[in-house]
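A.B. asks: The following block contains the structure, expressed as structure tokens.
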Amino acid sequence: MDLSGLNKSQLEAVKTTEGPVMVMAGAGSGKTKVLTTRISYLIGELGVPLDNILAVTFTNKAANEMKERISKILNINAKGMWVSTFHSFSSRLLRLEIDKMPPYTKYFNIIDDDDSLKIVKEIMKEMGDLYTSPKEMRNLISKSKNFLDFKIKDIDRRTEFHKVFDLYEARLKKDNLLDFDDLIIKTIELLTKFPNVLEIYQHKFQYILVDEFQDTNELQYKLMRLLSAKHKNIFVVGDDFQSIYAFRGAKLENINKFQRDFIGTKLILLEQNYRSTKEILNLANNVIINNPNQIKKTMFSENNFGSKPKIYSAYSSYDEIMYVCDKIKELVLDGDSYSDIAIMYRANHISRGFEEQLMKYRIPYKIYGGLSFFSRAEIKDMIAYLRLLIFNDDNFSFKRVVNNPKRGIGKSILDKLELIANESNLSLYDAIPYYKGKGQGASGLVEFKTIIDSIKATIENYKLPDLIDVLLDETGYKDELYRTEDEEVAEDKLNNIKEFKSILKDTDEESLDSNVIKLQGLLGDLALRTNNDDNNDGNSVILTTYHQAKGLEFKDVFMVANEEGIFPSSNTVTDEEIEEERRICYVGITRAKKRLFLTYCNHRRIFGYDTDMSPSRFIDEMDKSLLDDNKVRKAPVVNYNKPIEKKTVVESNNNDIINVGDKVNHKSFGDGVVVAKDGMVITVAFKAEFGIKKLKADHPSIRKR
DNA sequence: AGAAGATAGCTTTTT
DNA sequence: GCTATCTTCT
């Protein structure tokens with residue numbers, strides 16, 4: 001096997017196959033190369049069977065890429081290997097073993113955050129007035145599952161939480177559902193409860209590799225520790241500079257814990273950066289140095305010098321967008337292709353303005369992440385219909401589609417049906433024949449069952465993609481779309497469904513199994529799929545959040561919207577949170593190979609209000625000698641001075657008279673002080689990131705404090 | 001039941 | 001400024 005492309009440390013990381021190894025791999029230090037080479041080495045040189053290796057990453061894309069690279073190096077098909085995300089791994093294992101933990105069955109359905117929120121909403125709706133909003137509650141539930149030291153101080157809120165939590169868990173259990181967090185939790189539960197099962201997998205996975213180790217949380221760490229306890233051949237790769245998932249429970253302490261838990265851990269440092277120019281790397285080091293609690297480490301590079309990162313101070317977000325578009329055109333004229341270029345930002349909503357303008361400029365672009373294809377309503381509807389065809393007892397899918405298209409089946413009818421189902425221990429679907437009653441709803445139920453039954457009876461007669469067309473026609477879904485939506489929207493949704501059909505086509509051609517078996521396999525893990533799985537990177541500019549950009553690299557990177565309140569986000573306050581934001585900034589900078597552009601706006605529309613912005617503290621912190629300052633802008637660009645207009649103003653119910661000097665609270669901007677008054681128009685100074693605004697004193701969002 | 005109109009809530013970050 | 005959800009009217 002050819003290992004000549006590796007440096008000394010990389011080689012050591014590949015060849016130290018026995019015992020615990022921890023690699024601290026800085027940005028651009030060849031981490032993926034080490035991982036794939038090591039796996040290939042295990043298989044190709046040491047003759048380890050494919051099945052005895054487990055590699056875990058954080059994104060499907062990273063997993064797929066690893067498999068592809070291994071396939072190439074060894075000239076084998078690595079598709080079936082245990083190389084996946086933590087969640088996919090858990091799901092795969094649970095499909096094999098969860099039958100041991102009734103009432104769950106291996107046909108469990110995985111629900112995404114949206115579904116989960118919907119369930120929480122349903123539960124809370126019946127509980128009346130509550131302290132916590134459903135969204136908050138959903139957050140708390142996830143936190144309680146991921147943070148071992150989770151606690152709610154306030155006793156009322158705590159009892160409320162436990163009530164909802166218990167109902168939520170019961171509901172999931174009853175319907176054979178697992179949320180994302182459950183995938184990991186149930187896997188640990190299974191392995192702990194059934195030592196013989198644990199034994200099997202400990203024996204099986206002789207070599208375990210964990211990517212992005214700095215982002216593992218306590219549960220994920222526990223899972224890996226359980227599995228590796230026998231062979232102790234565990235290899236973890238991480239970079240504490242790039243730890244950006246503390247909000248999801250990631251524990252940097254795992255790095256220290258690992259060395260304590262696995263005695264004799266070999267520590268390997270990869271400190272040479274092969275990616276970026278010296279100027280870019282200098283800036284990255286200059287940023288991260290402001291994190292006092294960071295373990296000191298300096299990446300070095302033997303790469304050539306390039307140009308200094310450029311910084312641009314824009315008047316408005318429109319101005320910022322135009323600057324970026326102009327620069328992209330220049331870069332392409334200079335010979336770069338669109339796919340060399342990425343626009344990166346802290347929060348997804350920033351992409352909107354860029355999309356519009358890129359389209360106008362005819363610059364091809366692709367949004368990386370954002371709303372997942374599989375979380376679109378029409379796709380979820382199709383999946384639910386398919387699931388119901390295969391699994392009649394899937395109550396969750398049943399509820400999603402029974403009245404979609406409308407069949408006159410409302411809540412009261414469903415409640416009655418549920419009662420019947422519970423009494424005779426049937427699924428909602430099987431309870432339909434026992435539903436006594438007449439009227440639209442009753443006949444709607446019967447009609448629904450007839451349609452599903454008839455499609456089910458002929459399911460093997462079609463190719464899988466054609467099955468979707470049958471569903472669209474027979475259920476009336478297509479007609480309903482055209483009836484209730486604008487034509488454009490309907491076409492759009494049907495296009496998405498068409499894309500979904502192509503996924504079914506792939507599944508169809510993969511095996512000679514029956515349609516039912518094929519669907520059982522496919523439907524299992526659709527919830528875990530994301531947009532970015534297929535990297536058919538054509539020639540497009542990539543728009544992405546910093547989080548999603550991790551692990552990627554681009555020749556030219558634009559970091560946009562570097563403003564206080566956006567980046568760092570206004571939600572981050574504590575020192576620890578700010579330090580995480582700074583690491584996000586580090587991740588952004590180190591994505592760039594050749595050219596880096598930083599921009600910020602002095603004005604931005606936030607929640608529909610024109611807002612004064614100030615540059616990000618991360619910009620302030622940068623040593624200006626490392627930057628090429630481009631902030632010459634002649635005149636403010638038009639398009640910005642649109643008057644603030646509210647469609648409706650409602651009389652506020654408190655008749656407080658608001659005067660200059662009064663404290664007020666605005667729903668979106670928080671507390672502020674009235675600095676001027678002109679009739680009913682007050683001028684309020686809010687927190688720095690929201691600046692000074694003119695508002696109507698009787699606007700419902702305003703309250704006197 | 002369903003269209004039209006009004007309003008609240010929203011923007012972290014992801015599997 | 002956008003969108004999901006609630007309210008009101010037919």
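Chains: A, B, ... in order of the structure tokens. Residues: from 1 per chain. Ligands: from 1, in order shown.
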I need the strand (DSSP E) residues of segment 37-213 of chain A per DSSP on the backbone, written as a VMD selection string.

C.D. replies: chain A and resid 53 to 57 82 to 85 109 to 111 177 to 179 207 to 210

A.B. asks: Select from chain A every residue with an atom at most 9 Å from any atom of chain B, then for each give the shortest pair of atoms and their distance in Å to one decimal, using only C-alpha atoms (C1' of nucleotides), rows by chain and rising number, as a tab-separated table.

C.D. replies:
```
residue	atom	partner	partner_atom	distance
A:Phe58	CA	B:DT15	C1'	7.5
A:Thr59	CA	B:DT15	C1'	7.5
A:Thr85	CA	B:DT15	C1'	8.0
A:Phe86	CA	B:DT15	C1'	8.0
A:His87	CA	B:DT15	C1'	6.4
A:Ser88	CA	B:DT15	C1'	8.8
A:Phe180	CA	B:DT15	C1'	6.7
A:Asp181	CA	B:DT15	C1'	8.6
A:Ile244	CA	B:DT13	C1'	8.1
A:Tyr245	CA	B:DT13	C1'	7.6
A:Phe247	CA	B:DT13	C1'	7.9
A:Arg248	CA	B:DT14	C1'	8.3
A:Arg346	CA	B:DT13	C1'	7.4
A:Ala347	CA	B:DT12	C1'	6.0
A:Asn348	CA	B:DT11	C1'	8.0
A:His349	CA	B:DT11	C1'	6.8
A:Gly408	CA	B:DA1	C1'	8.9
A:Leu528	CA	B:DT15	C1'	7.1
A:Thr545	CA	B:DT13	C1'	8.1
A:Tyr546	CA	B:DT13	C1'	8.2
A:His547	CA	B:DT13	C1'	6.2
A:Gln548	CA	B:DT14	C1'	8.3
A:Ile566	CA	B:DT12	C1'	8.6
A:Ser569	CA	B:DT12	C1'	6.4
A:Ser570	CA	B:DT12	C1'	8.6
A:Asn571	CA	B:DT12	C1'	7.2
A:Thr572	CA	B:DT12	C1'	8.8
A:Phe607	CA	B:DC10	C1'	7.7
A:Thr648	CA	B:DA6	C1'	8.2
A:Ser668	CA	B:DC10	C1'	8.4
```

A.B. asks: At a cut-off of 10 Å, list the chain A residues touching chain C, using only C-alpha atoms (C1' of nucleotides), as a list in words.

C.D. replies: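 In the required form, that comes to Arg605, Ile606, Phe607, Gly608 and Tyr609 of chain A.
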
A.B. asks: With C-alpha atoms kept, could you save the residues just selected as a compact mmCIF listing (two decimals), in the first residue's frame?

C.D. replies:
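Just written: selection10.txt:
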```
# COMPACT_ATOMS: atom_id res chain seq x y z
CA ARG A 605 -33.40 45.00 8.18
CA ILE A 606 -34.19 42.90 11.25
CA PHE A 607 -37.72 41.66 11.78
CA GLY A 608 -38.73 44.18 9.15
CA TYR A 609 -37.11 47.12 10.95
```

A.B. asks: State, in Å with one decimal place, the distance from atom CA of Tyr365 of chain A to atom CA of Ile619 of chain A.

C.D. replies: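 Computed distance, atom CA of Tyr365 of chain A to atom CA of Ile619 of chain A, equals 26.9 Å.
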
A.B. asks: Select from segment 410-489 of chain A everything DSSP, run on the backbone, classes as alpha helix (DSSP H), then give the selection as a ChimeraX atom specification.

C.D. replies: /A:411-423,428-431,440-457,464-474,477-484,487-489

A.B. asks: Work out how far apart atom CA of Asn52 of chain A and atom CA of Leu209 of chain A are and give it in Å to one decimal.

C.D. replies: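 That distance, rounded to one decimal, is 11.4 Å.
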
A.B. asks: Quick one: pull the distance between atom CA of Arg705 of chain A and atom CA of Val684 of chain A, Å, one decimal.

C.D. replies: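 Going from atom CA of Arg705 of chain A over to atom CA of Val684 of chain A, I get 13.1 Å.
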
A.B. asks: Can you tell me which residues surround Lys327 of chain A at a distance of at most 12 Å, considering only C-alpha atoms (C1' of nucleotides), apart from same-chain residues fewer than 6 positions away, and format the answer as a ChimeraX atom specification?

C.D. replies: /A:310,312,320-321,333-334,336,338,341-343,358,361,363,556-558,595-599,630

A.B. asks: With N, CA, C and O atoms retained, write the just-selected residues as a compact mmCIF listing (two decimals), in the first residue's frame.

C.D. replies:
```
# COMPACT_ATOMS: atom_id res chain seq x y z
N LYS A 310 -9.51 40.33 2.62
CA LYS A 310 -10.08 41.66 2.39
C LYS A 310 -11.27 41.87 3.32
O LYS A 310 -12.03 40.96 3.58
N TYR A 312 -14.65 44.44 4.01
CA TYR A 312 -15.49 45.44 3.36
C TYR A 312 -16.62 45.87 4.29
O TYR A 312 -17.37 45.04 4.80
N GLU A 320 -23.87 45.12 0.67
CA GLU A 320 -23.01 43.97 0.96
C GLU A 320 -23.17 42.88 -0.11
O GLU A 320 -22.20 42.34 -0.64
N ILE A 321 -24.43 42.64 -0.46
CA ILE A 321 -24.72 41.60 -1.44
C ILE A 321 -24.13 41.97 -2.80
O ILE A 321 -23.52 41.14 -3.48
N LEU A 333 -14.05 35.75 -13.77
CA LEU A 333 -13.34 36.29 -14.94
C LEU A 333 -11.85 35.96 -14.86
O LEU A 333 -11.19 35.73 -15.86
N ASP A 334 -11.35 35.92 -13.62
CA ASP A 334 -9.94 35.60 -13.41
C ASP A 334 -9.64 34.11 -13.55
O ASP A 334 -8.50 33.69 -13.36
N ASP A 336 -11.38 31.43 -11.87
CA ASP A 336 -11.95 30.50 -10.90
C ASP A 336 -13.29 30.01 -11.40
O ASP A 336 -13.95 30.70 -12.17
N TYR A 338 -17.28 28.67 -10.42
CA TYR A 338 -18.25 28.98 -9.36
C TYR A 338 -18.09 28.05 -8.16
O TYR A 338 -18.24 28.44 -7.02
N ILE A 341 -16.09 28.79 -4.99
CA ILE A 341 -16.50 29.93 -4.16
C ILE A 341 -17.60 29.55 -3.17
O ILE A 341 -18.53 28.82 -3.52
N ALA A 342 -17.48 30.04 -1.95
CA ALA A 342 -18.54 29.82 -0.96
C ALA A 342 -18.88 31.12 -0.25
O ALA A 342 -18.01 31.95 -0.01
N ILE A 343 -20.16 31.28 0.06
CA ILE A 343 -20.62 32.39 0.90
C ILE A 343 -21.05 31.77 2.22
O ILE A 343 -21.87 30.86 2.23
N LEU A 358 -28.21 36.71 -6.49
CA LEU A 358 -27.44 35.76 -7.31
C LEU A 358 -28.26 35.33 -8.51
O LEU A 358 -27.76 35.17 -9.61
N TYR A 361 -28.27 38.01 -11.04
CA TYR A 361 -26.96 38.09 -11.67
C TYR A 361 -26.63 36.86 -12.51
O TYR A 361 -25.58 36.75 -13.07
N ILE A 363 -25.83 34.01 -11.46
CA ILE A 363 -24.72 33.26 -10.87
C ILE A 363 -25.30 31.97 -10.30
O ILE A 363 -26.17 32.03 -9.44
N ASP A 556 -12.10 30.21 -2.54
CA ASP A 556 -12.47 31.57 -2.14
C ASP A 556 -13.65 31.54 -1.18
O ASP A 556 -14.67 30.93 -1.49
N VAL A 557 -13.50 32.22 -0.05
CA VAL A 557 -14.59 32.22 0.93
C VAL A 557 -15.02 33.65 1.27
O VAL A 557 -14.18 34.51 1.52
N PHE A 558 -16.33 33.88 1.24
CA PHE A 558 -16.90 35.14 1.72
C PHE A 558 -17.55 34.88 3.06
O PHE A 558 -18.48 34.09 3.15
N ARG A 595 -8.34 32.77 -1.03
CA ARG A 595 -8.81 34.14 -0.81
C ARG A 595 -9.94 34.15 0.21
O ARG A 595 -10.81 33.29 0.20
N LEU A 596 -9.87 35.18 1.07
CA LEU A 596 -10.89 35.32 2.09
C LEU A 596 -11.44 36.74 2.07
O LEU A 596 -10.68 37.71 1.98
N PHE A 597 -12.76 36.88 2.11
CA PHE A 597 -13.40 38.19 2.14
C PHE A 597 -14.30 38.27 3.36
O PHE A 597 -15.08 37.35 3.61
N LEU A 598 -14.15 39.37 4.12
CA LEU A 598 -15.01 39.57 5.29
C LEU A 598 -15.87 40.79 5.03
O LEU A 598 -15.35 41.83 4.61
N THR A 599 -17.17 40.68 5.26
CA THR A 599 -18.02 41.86 5.07
C THR A 599 -18.94 42.06 6.27
O THR A 599 -19.26 41.10 6.98
N ASN A 630 -10.92 47.34 2.49
CA ASN A 630 -11.58 47.73 1.24
C ASN A 630 -12.73 48.68 1.45
O ASN A 630 -13.56 48.82 0.58
```

A.B. asks: So that I can see what lies close to segment 441-456 of chain A, please list as an NGL selection string the residues with an atom at most 8 Å from it, counting only C-alpha atoms (C1' of nucleotides) and leaving out residues fewer than 5 positions away in the same chain.

C.D. replies: :A and (389-390 or 402 or 407-410 or 413 or 429 or 432-433 or 435-436 or 470-471 or 474-475)

A.B. asks: Could you list, as a list in words, every residue within 8 Å of segment 154-163 of chain A, counting only C-alpha atoms (C1' of nucleotides) and ignoring same-chain residues fewer than 4 positions away?

C.D. replies: Leu130, Tyr131, Thr132, Met137, Leu140 and Leu167 of chain A

A.B. asks: Next, write the just-selected residues to a file, as a short mmCIF file (atom, residue, chain, number, x, y, z; two decimals), in the first residue's frame, keeping N, CA, C and O atoms as the atom set.

C.D. replies:
```cif
data_model
loop_
_atom_site.label_atom_id
_atom_site.label_comp_id
_atom_site.auth_asym_id
_atom_site.auth_seq_id
_atom_site.Cartn_x
_atom_site.Cartn_y
_atom_site.Cartn_z
N LEU A 130 -50.04 27.37 30.36
CA LEU A 130 -48.76 26.85 30.81
C LEU A 130 -47.69 27.94 30.84
O LEU A 130 -47.82 28.97 30.18
N TYR A 131 -46.66 27.72 31.60
CA TYR A 131 -45.55 28.67 31.67
C TYR A 131 -44.71 28.62 30.40
O TYR A 131 -44.16 29.60 29.95
N THR A 132 -44.55 27.42 29.88
CA THR A 132 -43.57 27.20 28.83
C THR A 132 -44.25 27.12 27.47
O THR A 132 -45.33 26.56 27.35
N MET A 137 -40.45 23.94 25.29
CA MET A 137 -40.63 22.62 25.89
C MET A 137 -39.88 21.55 25.09
O MET A 137 -39.20 20.70 25.64
N LEU A 140 -36.38 21.79 25.92
CA LEU A 140 -36.08 21.24 27.24
C LEU A 140 -36.04 19.72 27.19
O LEU A 140 -35.19 19.10 27.82
N LEU A 167 -45.90 12.38 29.16
CA LEU A 167 -46.91 12.16 28.12
C LEU A 167 -46.25 11.98 26.75
O LEU A 167 -46.64 11.14 25.95
#
```
